[in-house]
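Since the structure comes first, as structure tokens, the remarks are kept for the end.
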Amino acid sequence: MQADKSKLGQVHIFWGNGKGKTTSALGTALRAVGNGYSVHLVQFMTDGASSLEQQTPGEILALQKFETFSFKRFGTGDWVTGKKPKDAHIEKVNEAFEYLQQSLKNESYDIIIADEILYAIQLSLLEENKVIGLIKNKPKNKELILTGSHIPFPKIFELADLVTEIKKIKHPYDK
């Protein structure tokens, strides 16, 4: 199946305090690979578990069965906690951001997902202006999906074509 790449170019955002931001992005990825597009997932701030099975959600394991889906993870091996982030966390986020910029230039990718990038801003690991610049300078024929954050980023949202808030109504952990 030949994908119609002339339909690409939008920016999607999945954010909010509910579970399902990454899953929503990966659902979009599933539809895309099923329609002949190639998707590349760049995961910011993943825990860095020693094996994929220890940390990879089932959605990614399932999507790996498609030749047109790929991913790369960045993380330090521990979570960001406390008020002041560690230099190692900032370094890994910057590494992920540079990789993301290169991925947008890669002709073999139609859709790029920047998973948890908005949390990187929320946790003061990445400057909001860098993401604004990324969106403004993204190739016109690439689809870009951003996920993460419990707080809104109006300047970034203004540049997006689709902004979806994932809102928690009820969760078993609340009990």
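FYI, nothing fancy with the structure tokens labels: chains A, B, ... in order, residues from 1 per chain, ligands from 1 as they appear.
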
Counting only C-alpha atoms, give me one row per residue of region 109-147 of chain A with an atom at most 8 Å from an atom of region 157-162 of chain A, showing the shortest contact pair and its distance in Å to one decimal, sorted by chain then residue number, as a tab-separated table.
```
residue	atom	partner	partner_atom	distance
A:Ile132	CA	A:Leu159	CA	7.8
A:Ile135	CA	A:Leu159	CA	7.3
A:Lys136	CA	A:Leu159	CA	7.8
```

Quiz item: Excluding same-chain residues fewer than 5 positions from Gln43 (chain A), what lies within 9 Å of it counting only C-alpha atoms, as a list in words?
Solution: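 In the requested format, the answer is Phe71, Lys72, Arg73, Phe74, Gly75, Ala96, Ile113, Ala114, Asp115, Glu116 and Ile117 of chain A.
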
Those selected residues, please, written with N, CA, C and O atoms and delivered as a short mmCIF file (atom, residue, chain, number, x, y, z; two decimals), in the first residue's frame.
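This went into again_4.cif:
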```cif
data_model
loop_
_atom_site.label_atom_id
_atom_site.label_comp_id
_atom_site.auth_asym_id
_atom_site.auth_seq_id
_atom_site.Cartn_x
_atom_site.Cartn_y
_atom_site.Cartn_z
N PHE A 71 11.71 2.43 17.23
CA PHE A 71 11.77 3.31 18.39
C PHE A 71 13.17 3.35 18.98
O PHE A 71 13.99 2.47 18.74
N LYS A 72 13.41 4.42 19.73
CA LYS A 72 14.66 4.59 20.47
C LYS A 72 14.30 5.22 21.81
O LYS A 72 13.51 6.14 21.88
N ARG A 73 14.92 4.71 22.88
CA ARG A 73 14.63 5.16 24.24
C ARG A 73 15.83 5.90 24.82
O ARG A 73 16.97 5.53 24.56
N PHE A 74 15.53 6.87 25.66
CA PHE A 74 16.56 7.63 26.36
C PHE A 74 16.20 7.70 27.83
O PHE A 74 15.06 7.95 28.18
N GLY A 75 17.15 7.49 28.69
CA GLY A 75 16.92 7.57 30.12
C GLY A 75 18.20 7.28 30.89
O GLY A 75 19.19 6.83 30.33
N ALA A 96 18.26 13.10 23.77
CA ALA A 96 17.01 12.68 23.13
C ALA A 96 16.50 13.77 22.19
O ALA A 96 16.04 13.49 21.08
N ILE A 113 6.98 10.36 16.93
CA ILE A 113 6.33 10.54 18.23
C ILE A 113 7.42 10.91 19.24
O ILE A 113 8.39 10.17 19.41
N ALA A 114 7.27 12.05 19.90
CA ALA A 114 8.18 12.49 20.97
C ALA A 114 7.46 12.21 22.29
O ALA A 114 6.76 13.06 22.83
N ASP A 115 7.65 11.00 22.78
CA ASP A 115 6.93 10.52 23.96
C ASP A 115 7.52 11.08 25.24
O ASP A 115 8.72 10.95 25.47
N GLU A 116 6.69 11.71 26.05
CA GLU A 116 7.06 12.30 27.35
C GLU A 116 7.87 13.58 27.23
O GLU A 116 8.40 14.08 28.22
N ILE A 117 7.95 14.17 26.05
CA ILE A 117 8.72 15.40 25.88
C ILE A 117 8.12 16.56 26.69
O ILE A 117 8.84 17.40 27.21
#
```

Quiz item: Pick the closest to Gly16 (chain A) from A:Glu165, A:Glu143, A:Glu67, A:Asp87: which is it, counting only C-alpha atoms?
Solution: A:Glu165

Quiz prompt | Gap from CA of Tyr173 (chain A) to CA of Gly77 (chain A) - Å, one decimal | solution =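 We find that CA of Tyr173 (chain A) and CA of Gly77 (chain A) lie 24.4 Å from each other.
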
Self-check item: Residue among A:Pro172, A:Pro152, A:Pro139, A:Gly133 lying closest to Asn106 (chain A), counting only C-alpha atoms
Solution: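 Selected residue with least distance to Asn106 (chain A): A:Pro139.
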
Practice problem: Rounded to one decimal place, report the CA of Leu123 (chain A)-CA of Leu100 (chain A) distance in Å. | Solution: 18.6 Å

Quiz item: Using only C-alpha atoms, which of A:Leu118, A:Leu104, A:Ile169, A:Val131 sits nearest Trp15 (chain A)?
Solution: A:Leu118

Self-check item: Using only C-alpha atoms: which of A:Leu126, A:Asp78, A:Lys83, A:Glu59 has the shortest distance to Thr22 (chain A)
Solution: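 Nearest candidate to Thr22 (chain A) out of A:Leu126, A:Asp78, A:Lys83, A:Glu59: A:Glu59.
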
Quiz prompt | Contact residues around Lys142 (chain A) with only C-alpha atoms at 10 Å, ignoring same-chain residues under 3 positions, as an MDAnalysis selection string | solution = chainID A and resid 5:11 104:107 109:112 138:139 145

Quiz prompt | Residues flagged helix (DSSP H, G or I) by DSSP in region 11-171 of chain A, as a ChimeraX atom specification | solution = /A:21-34,52-55,58-63,87-105,117-122,128-137,154-159

Exercise. Can you list, as number ranges by chain, all residues belonging to chain A that DSSP tags as strand (DSSP E)?
Key: A: 11-15, 39-43, 69-73, 111-115, 143-147, 162-165

Export, as a PDB file, in the first residue's frame, the selected residues with C-alpha atoms.
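Heads up, here's the output in out09.pdb:
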```pdb
ATOM      1  CA  VAL A  11       1.282  18.411  15.067  1.00  0.00           C
ATOM      2  CA  HIS A  12      -0.694  16.356  17.618  1.00  0.00           C
ATOM      3  CA  ILE A  13      -0.506  16.705  21.397  1.00  0.00           C
ATOM      4  CA  PHE A  14      -1.740  14.268  24.051  1.00  0.00           C
ATOM      5  CA  TRP A  15      -1.466  15.692  27.569  1.00  0.00           C
ATOM      6  CA  VAL A  39       6.474   5.698  12.406  1.00  0.00           C
ATOM      7  CA  HIS A  40       9.438   6.355  14.683  1.00  0.00           C
ATOM      8  CA  LEU A  41       8.985   6.689  18.448  1.00  0.00           C
ATOM      9  CA  VAL A  42      11.517   8.692  20.489  1.00  0.00           C
ATOM     10  CA  GLN A  43      10.987   8.067  24.198  1.00  0.00           C
ATOM     11  CA  PHE A  69       7.652   0.988  13.155  1.00  0.00           C
ATOM     12  CA  SER A  70      10.828   1.705  15.101  1.00  0.00           C
ATOM     13  CA  PHE A  71      11.766   3.313  18.386  1.00  0.00           C
ATOM     14  CA  LYS A  72      14.658   4.586  20.474  1.00  0.00           C
ATOM     15  CA  ARG A  73      14.633   5.162  24.236  1.00  0.00           C
ATOM     16  CA  ILE A 111       5.487  10.256  11.640  1.00  0.00           C
ATOM     17  CA  ILE A 112       7.627  10.976  14.685  1.00  0.00           C
ATOM     18  CA  ILE A 113       6.334  10.543  18.233  1.00  0.00           C
ATOM     19  CA  ALA A 114       8.175  12.485  20.967  1.00  0.00           C
ATOM     20  CA  ASP A 115       6.926  10.521  23.956  1.00  0.00           C
ATOM     21  CA  GLU A 143       3.696  14.442  11.281  1.00  0.00           C
ATOM     22  CA  LEU A 144       4.835  15.164  14.849  1.00  0.00           C
ATOM     23  CA  ILE A 145       3.138  13.810  17.973  1.00  0.00           C
ATOM     24  CA  LEU A 146       4.064  15.133  21.445  1.00  0.00           C
ATOM     25  CA  THR A 147       2.980  13.465  24.694  1.00  0.00           C
ATOM     26  CA  LEU A 162      -4.737  18.675  17.462  1.00  0.00           C
ATOM     27  CA  VAL A 163      -4.599  18.982  21.242  1.00  0.00           C
ATOM     28  CA  THR A 164      -6.210  16.250  23.313  1.00  0.00           C
ATOM     29  CA  GLU A 165      -6.431  16.408  27.101  1.00  0.00           C
TER      30      GLU A 165
END
```

Quiz item: Using only C-alpha atoms, which residue out of A:Leu125, A:Thr46, A:Ile166, A:Val93 lies closest to Ser24 (chain A)?
Solution: A:Ile166

Quiz item: If you measure from CA of Leu61 (chain A) to CA of Gly27 (chain A), what distance in Å do you get, rounded to one decimal?
Solution: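 Taking CA of Leu61 (chain A) as the start and CA of Gly27 (chain A) as the end point, the length is 13.0 Å.
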
Self-check item: Residue with smallest distance to Glu91 (chain A) - pool A:Val33, A:Met45, A:Ala3, A:Leu134, counting only C-alpha atoms
Solution: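 Checking each candidate against Glu91 (chain A), we get A:Met45 as the closest.
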